[in-house]
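**Student:** So here's start.json, just JSON, C-alpha atoms and all ligand atoms:
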[["chain", "number", "residue", "atom", "x", "y", "z"],
["A", 1, "PRO", "CA", 0.00, 0.00, 0.00],
["A", 2, "GLU", "CA", 1.39, 3.40, -1.03],
["A", 3, "GLN", "CA", -0.21, 5.70, 1.52],
["A", 4, "ARG", "CA", 1.19, 5.71, 5.03],
["A", 5, "GLU", "CA", -0.52, 5.77, 8.36],
["A", 6, "VAL", "CA", 0.88, 8.68, 10.37],
["A", 7, "LEU", "CA", 0.80, 8.73, 14.17],
["A", 8, "THR", "CA", 1.33, 12.22, 15.61],
["A", 9, "TRP", "CA", 2.62, 12.91, 19.13],
["A", 10, "ASP", "CA", -0.87, 14.14, 20.14],
["A", 11, "LEU", "CA", -2.57, 11.03, 18.81],
["A", 12, "PHE", "CA", 0.10, 8.88, 20.50],
["A", 13, "GLY", "CA", -0.95, 10.39, 23.84],
["A", 14, "GLU", "CA", -4.59, 9.55, 23.21],
["A", 15, "ALA", "CA", -3.76, 6.06, 21.94],
["A", 16, "SER", "CA", -1.76, 5.24, 25.09],
["A", 17, "ARG", "CA", -4.58, 6.34, 27.40],
["A", 18, "GLU", "CA", -7.07, 4.36, 25.31],
["A", 19, "LEU", "CA", -4.95, 1.19, 25.43],
["A", 20, "ALA", "CA", -4.49, 1.53, 29.19],
["A", 21, "GLN", "CA", -8.27, 1.91, 29.49],
["A", 22, "GLN", "CA", -8.76, -1.33, 27.54],
["A", 23, "VAL", "CA", -6.36, -3.12, 29.90],
["A", 24, "VAL", "CA", -8.14, -1.82, 33.01],
["A", 25, "ASP", "CA", -11.59, -2.63, 31.58],
["A", 26, "SER", "CA", -10.44, -6.20, 30.90],
["A", 27, "GLY", "CA", -9.66, -6.68, 34.58],
["A", 28, "PHE", "CA", -5.99, -7.50, 33.87],
["A", 29, "ALA", "CA", -3.72, -5.81, 36.42],
["A", 30, "PRO", "CA", -0.07, -6.18, 35.35],
["A", 31, "ASP", "CA", 2.74, -6.17, 37.94],
["A", 32, "VAL", "CA", 5.27, -5.27, 35.28],
["A", 33, "VAL", "CA", 5.19, -3.56, 31.88],
["A", 34, "VAL", "CA", 7.70, -5.00, 29.40],
["A", 35, "ALA", "CA", 8.66, -2.84, 26.43],
["A", 36, "VAL", "CA", 9.84, -4.39, 23.21],
["A", 37, "ALA", "CA", 12.72, -2.02, 22.46],
["A", 38, "ARG", "CA", 13.08, 0.16, 20.75],
["A", 39, "GLY", "CA", 9.65, 0.60, 19.12],
["A", 40, "GLY", "CA", 7.72, -0.32, 22.26],
["A", 41, "LEU", "CA", 9.69, 1.93, 24.64],
["A", 42, "LEU", "CA", 7.56, 5.05, 24.31],
["A", 43, "PRO", "CA", 4.18, 3.29, 24.28],
["A", 44, "ALA", "CA", 5.25, 1.11, 27.24],
["A", 45, "GLY", "CA", 6.32, 4.18, 29.23],
["A", 46, "ALA", "CA", 3.10, 6.05, 28.48],
["A", 47, "ILE", "CA", 0.95, 3.01, 29.26],
["A", 48, "SER", "CA", 2.77, 2.25, 32.51],
["A", 49, "TYR", "CA", 2.05, 5.80, 33.72],
["A", 50, "ALA", "CA", -1.57, 5.55, 32.57],
["A", 51, "LEU", "CA", -1.93, 2.26, 34.47],
["A", 52, "GLY", "CA", 0.02, 3.41, 37.51],
["A", 53, "THR", "CA", 2.34, 0.39, 37.12],
["A", 54, "LYS", "CA", 5.77, 1.49, 38.32],
["A", 55, "VAL", "CA", 7.76, -1.62, 37.41],
["A", 56, "CYS", "CA", 9.02, -1.54, 33.83],
["A", 57, "GLY", "CA", 11.51, -3.53, 31.83],
["A", 58, "ALA", "CA", 12.64, -3.77, 28.25],
["A", 59, "LEU", "CA", 13.70, -6.50, 25.91],
["A", 60, "ASN", "CA", 15.73, -5.47, 22.89],
["A", 61, "VAL", "CA", 14.72, -7.14, 19.65],
["A", 62, "GLU", "CA", 15.98, -6.36, 16.18],
["A", 63, "PHE", "CA", 14.06, -7.36, 13.05],
["A", 64, "TYR", "CA", 13.64, -4.47, 10.61],
["A", 65, "THR", "CA", 16.50, -2.78, 8.82],
["A", 66, "GLY", "CA", 14.36, -0.41, 6.75],
["A", 67, "VAL", "CA", 10.87, 0.12, 5.33],
["A", 68, "ASP", "CA", 9.60, -3.43, 4.76],
["A", 69, "GLU", "CA", 13.19, -4.74, 4.95],
["A", 70, "ARG", "CA", 13.81, -7.27, 7.66],
["A", 71, "LEU", "CA", 16.25, -9.87, 8.91],
["A", 72, "LEU", "CA", 15.42, -13.57, 8.53],
["A", 73, "GLU", "CA", 13.95, -13.68, 12.02],
["A", 74, "PRO", "CA", 13.69, -11.38, 15.04],
["A", 75, "THR", "CA", 16.82, -11.49, 17.23],
["A", 76, "VAL", "CA", 17.09, -10.69, 20.93],
["A", 77, "LEU", "CA", 19.92, -8.26, 21.64],
["A", 78, "PRO", "CA", 21.67, -7.69, 24.98],
["A", 79, "PRO", "CA", 21.05, -6.57, 27.66],
["A", 80, "LEU", "CA", 18.49, -9.21, 28.53],
["A", 81, "LEU", "CA", 15.60, -8.90, 30.98],
["A", 82, "ASP", "CA", 16.14, -9.95, 34.59],
["A", 83, "THR", "CA", 14.05, -13.08, 34.13],
["A", 84, "ALA", "CA", 14.56, -14.34, 37.70],
["A", 85, "ALA", "CA", 12.84, -11.21, 39.00],
["A", 86, "MET", "CA", 9.82, -11.86, 36.78],
["A", 87, "HIS", "CA", 8.90, -15.15, 38.38],
["A", 88, "GLY", "CA", 5.21, -15.33, 39.29],
["A", 89, "LEU", "CA", 4.40, -11.85, 37.93],
["A", 90, "ARG", "CA", 1.67, -10.73, 35.55],
["A", 91, "ALA", "CA", 3.31, -8.99, 32.59],
["A", 92, "LEU", "CA", 1.97, -6.63, 29.96],
["A", 93, "VAL", "CA", 4.20, -6.77, 26.87],
["A", 94, "VAL", "CA", 3.97, -3.56, 24.83],
["A", 95, "ASP", "CA", 5.11, -2.89, 21.28],
["A", 96, "ASP", "CA", 4.43, -0.23, 18.66],
["A", 97, "VAL", "CA", 3.00, -2.58, 16.02],
["A", 98, "ALA", "CA", 2.39, -6.24, 15.36],
["A", 99, "ASP", "CA", 3.26, -6.40, 11.65],
["A", 100, "THR", "CA", 4.29, -9.96, 10.81],
["A", 101, "GLY", "CA", 3.77, -10.45, 14.55],
["A", 102, "GLU", "CA", 6.96, -12.50, 14.78],
["A", 103, "THR", "CA", 8.64, -10.11, 17.20],
["A", 104, "LEU", "CA", 5.67, -10.12, 19.56],
["A", 105, "ALA", "CA", 5.35, -13.91, 19.27],
["A", 106, "LEU", "CA", 9.03, -14.29, 20.24],
["A", 107, "VAL", "CA", 8.80, -11.93, 23.21],
["A", 108, "GLN", "CA", 5.51, -13.46, 24.36],
["A", 109, "ARG", "CA", 7.15, -16.89, 24.29],
["A", 110, "LEU", "CA", 10.25, -15.72, 26.22],
["A", 111, "VAL", "CA", 8.29, -13.81, 28.85],
["A", 112, "SER", "CA", 5.78, -16.67, 29.34],
["A", 113, "GLN", "CA", 8.66, -18.92, 30.36],
["A", 114, "HIS", "CA", 9.15, -16.76, 33.47],
["A", 115, "CYS", "CA", 5.93, -14.90, 34.21],
["A", 116, "GLU", "CA", 2.71, -16.24, 35.64],
["A", 117, "GLU", "CA", 0.52, -14.46, 33.09],
["A", 118, "VAL", "CA", 1.30, -12.51, 29.92],
["A", 119, "ARG", "CA", -0.87, -10.16, 27.85],
["A", 120, "THR", "CA", 0.18, -8.12, 24.84],
["A", 121, "ALA", "CA", -0.69, -4.55, 23.83],
["A", 122, "VAL", "CA", 0.14, -2.71, 20.61],
["A", 123, "LEU", "CA", -0.76, 0.65, 19.10],
["A", 124, "TYR", "CA", -1.33, -0.99, 15.70],
["A", 125, "ALA", "CA", -1.97, -4.51, 14.41],
["A", 126, "LYS", "CA", -1.73, -5.51, 10.77],
["A", 127, "PRO", "CA", -4.14, -8.07, 9.32],
["A", 128, "HIS", "CA", -1.51, -10.74, 8.52],
["A", 129, "SER", "CA", 0.09, -10.79, 12.01],
["A", 130, "VAL", "CA", 0.75, -14.32, 13.32],
["A", 131, "VAL", "CA", -0.40, -13.21, 16.78],
["A", 132, "ASP", "CA", -3.58, -11.32, 17.58],
["A", 133, "PRO", "CA", -2.53, -9.06, 20.46],
["A", 134, "ASP", "CA", -4.85, -8.85, 23.47],
["A", 135, "PHE", "CA", -5.09, -5.05, 23.29],
["A", 136, "VAL", "CA", -5.01, -3.12, 20.00],
["A", 137, "TRP", "CA", -5.63, 0.58, 19.43],
["A", 138, "ARG", "CA", -5.96, 0.57, 15.63],
["A", 139, "ARG", "CA", -5.72, -1.88, 12.75],
["A", 140, "THR", "CA", -4.12, -1.04, 9.39],
["A", 141, "ASP", "CA", -2.32, -2.70, 6.50],
["A", 142, "ARG", "CA", -0.26, 0.41, 5.69],
["A", 143, "TRP", "CA", 3.33, 1.23, 6.65],
["A", 144, "ILE", "CA", 3.12, 3.36, 9.80],
["A", 145, "THR", "CA", 5.16, 6.48, 10.53],
["A", 146, "PHE", "CA", 5.72, 6.82, 14.28],
["A", 147, "PRO", "CA", 6.56, 10.25, 15.77],
["A", 148, "TRP", "CA", 9.80, 8.99, 17.38],
["A", 149, "SER", "CA", 11.24, 7.59, 14.16],
["A", 150, "ALA", "CA", 9.73, 10.04, 11.66],
["A", 151, "GLN", "CA", 12.96, 12.03, 11.45],
["A", 152, "GLU", "CA", 16.60, 11.09, 10.98],
["A", 153, "PRO", "CA", 18.80, 11.17, 14.12],
["A", 154, "VAL", "CA", 20.08, 14.65, 14.93],
["A", 155, "THR", "CA", 23.57, 15.60, 13.88],
["A", 156, "ALA", "CA", 25.93, 18.26, 15.21],
["A", 157, "ARG", "CA", 25.05, 21.85, 14.29],
["A", 158, "ALA", "CA", 27.58, 23.53, 12.07],
["A", 159, "GLY", "CA", 29.80, 26.25, 13.56],
["A", 160, "ARG", "CA", 29.91, 25.11, 17.19],
["B", 201, "LIG", "P1", 6.96, -7.59, 13.31],
["B", 201, "LIG", "O1", 7.88, -8.55, 13.97],
["B", 201, "LIG", "O2", 5.56, -7.64, 13.90],
["B", 201, "LIG", "O3", 6.91, -7.79, 11.82],
["B", 201, "LIG", "O4", 7.49, -6.12, 13.52],
["B", 201, "LIG", "C1", 8.52, -5.85, 14.40],
["B", 201, "LIG", "C2", 8.90, -4.40, 14.48],
["B", 201, "LIG", "O5", 9.17, -3.87, 13.18],
["B", 201, "LIG", "C3", 7.85, -3.48, 15.04],
["B", 201, "LIG", "O6", 7.85, -3.49, 16.45],
["B", 201, "LIG", "C4", 8.31, -2.15, 14.49],
["B", 201, "LIG", "O7", 9.34, -1.59, 15.27],
["B", 201, "LIG", "C5", 8.85, -2.51, 13.12],
["B", 201, "LIG", "N1", 7.77, -2.28, 12.14],
["B", 201, "LIG", "C6", 6.94, -3.20, 11.61],
["B", 201, "LIG", "N2", 6.01, -2.63, 10.83],
["B", 201, "LIG", "C7", 6.25, -1.29, 10.87],
["B", 201, "LIG", "C8", 5.61, -0.14, 10.27],
["B", 201, "LIG", "O8", 4.61, -0.21, 9.56],
["B", 201, "LIG", "N3", 6.19, 1.08, 10.55],
["B", 201, "LIG", "C9", 7.28, 1.21, 11.34],
["B", 201, "LIG", "N4", 7.77, 2.45, 11.54],
["B", 201, "LIG", "N5", 7.90, 0.15, 11.93],
["B", 201, "LIG", "C10", 7.38, -1.08, 11.70]]
Can the structure from this file be put into structure tokens for me?
**Tutor:**
Amino acid sequence: PEQREVLTWDLFGEASRELAQQVVDSGFAPDVVVAVARGGLLPAGAISYALGTKVCGALNVEFYTGVDERLLEPTVLPPLLDTAAMHGLRALVVDDVADTGETLALVQRLVSQHCEEVRTAVLYAKPHSVVDPDFVWRRTDRWITFPWSAQEPVTARAGR
């Protein structure tokens, strides 16, 4: 699909509150919010504040190298989560989007090995995802532009 789905910072704020509301309405009360870094870091932070869940962690996974360009399979990068500390906890795994869903499937599998209960939340889900996340803000089949990765990294200003 040619046209992109654009998430603005304002809409991101609304989306995070809405997702947290879905979680609360479901009756699921997570002890820990796990971000799938880097894409899930901002949503996970916003959702953890909206839920009032202070304990957060992150798992670094690399899959995409560009627009629709990915590695053979998602790969977990160091540093790893403190899995011993997760024993018996209810975890909410948060990512920006479930596209193929392979990243979320991997993280869900890893976290389930240590936590008592695991639910997943994403801002967007695409129709062909191999996992259907528990909490979804919007569904689209377009490439999504997120506010945190819409621009190139900053570089040094000239003349300083
Ligand atoms: P998946 O494993 O579900 O295919 O996607 C893994 C990661 O790739 C997502 O968490 C996200 O960081 C990145 N990704 C997948 N689809 C998109 C997209 O439409 N837009 C952007 N900006 N990143 C995407």
**Student:** Measuring atom to atom with all atoms listed in the file, identify which of A:Met86, A:Val76, A:Val94, A:Val154 is nearest to Leu19 (chain A).
**Tutor:**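 Of A:Met86, A:Val76, A:Val94, A:Val154, the one nearest Leu19 (chain A) is A:Val94, counting all atoms listed in the file.
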**Student:** Hey, what's within 8 Å of Asp96 (chain A) if we count all atoms listed in the file and toss same-chain stuff fewer than 4 positions away? As JSON, numbers by chain, please?
**Tutor:** {"A": [39, 40, 43, 122, 123, 124]}
**Student:** Ligand LIG 201 (chain B): which residues are within 6 Å, counting all atoms listed in the file? Reply as a list in words.
**Tutor:**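 Checked against 6 Å with all atoms listed in the file; the hits are Gly39, Phe63, Tyr64, Asp95, Asp96, Val97, Ala98, Asp99, Thr100, Gly101, Glu102, Thr103, Trp143, Ile144, Thr145 and Phe146 of chain A.
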**Student:** What does the distance between CA of Asp68 (chain A) and CA of Arg142 (chain A) come to in Å, to one decimal place?
**Tutor:** 10.6 Å
**Student:** Please compute the CA of Ile47 (chain A)-CA of Gln151 (chain A) distance, one decimal, in Å.
**Tutor:**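 Taking CA of Ile47 (chain A) as the start and CA of Gln151 (chain A) as the end point, the length is 23.3 Å.
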**Student:** With distances taken over only C-alpha atoms, which residue among A:Cys115, A:Val23, A:Val34, A:Ala85 lies nearest Ala58 (chain A)?
**Tutor:**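 With only C-alpha atoms as the atom set, the closest residue is A:Val34.
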**Student:** Please provide as a list in words all residues within 9 Å of Val55 (chain A), with the sequence filter that same-chain residues fewer than 3 positions apart are discarded (counting all atoms listed in the file).
**Tutor:**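 Here the qualifying residues turn out to be Asp31, Val32, Val33, Val34 and Ser48 of chain A.
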**Student:** Hey, can you check how far CA of Val136 (chain A) sits from CA of Arg17 (chain A)?
**Tutor:**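 CA of Arg17 (chain A) lies 12.0 Å from CA of Val136 (chain A).
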**Student:** When distances are computed from all atoms listed in the file, which of A:Leu104, A:Ala91, A:Val6, A:Leu42 shows the smallest separation from Ser129 (chain A)?
**Tutor:**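 Among A:Leu104, A:Ala91, A:Val6, A:Leu42, it is A:Leu104 that comes nearest to Ser129 (chain A).
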**Student:** So, counting all atoms listed in the file, which residue among A:Leu41, A:Ala50, A:Leu92, A:Ala84 is closest to His114 (chain A)?
**Tutor:**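 Among A:Leu41, A:Ala50, A:Leu92, A:Ala84, it is A:Ala84 that comes nearest to His114 (chain A).
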**Student:** Write out as a count of residues only the residues lying within 8 Å of Leu77 (chain A), counting all atoms listed in the file and excluding same-chain residues fewer than 6 positions away.
**Tutor:** 4
**Student:** Draw an axis-aligned box over all listed atoms of region 115-123 of chain A, pad each side with 4 Å, and write its centre and edge lengths in Å, one decimal, as lines of an AutoDock Vina configuration file.
**Tutor:**
center_x = 2.5
center_y = -7.8
center_z = 27.4
size_x = 14.8
size_y = 24.9
size_z = 24.5
**Student:** Report as a PyMOL selection string all protein, DNA and RNA residues lying within 8 Å of Glu117 (chain A), evaluated on only C-alpha atoms, omitting residues in the same chain fewer than 5 positions from it.
**Tutor:** chain A and resi 88-91+112
**Student:** Give the answer as one residue: which of A:Leu71, A:Ala46, A:Leu106, A:Ala156 has the shortest atom-to-atom distance to Val131 (chain A), using all atoms listed in the file?
**Tutor:**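 Closest to Val131 (chain A) of all the choices is A:Leu106.
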**Student:** For Lys54 (chain A), which residue out of A:Gln22, A:Pro30, A:Thr120, A:Asp132 is the nearest one, using all atoms listed in the file?
**Tutor:** A:Pro30
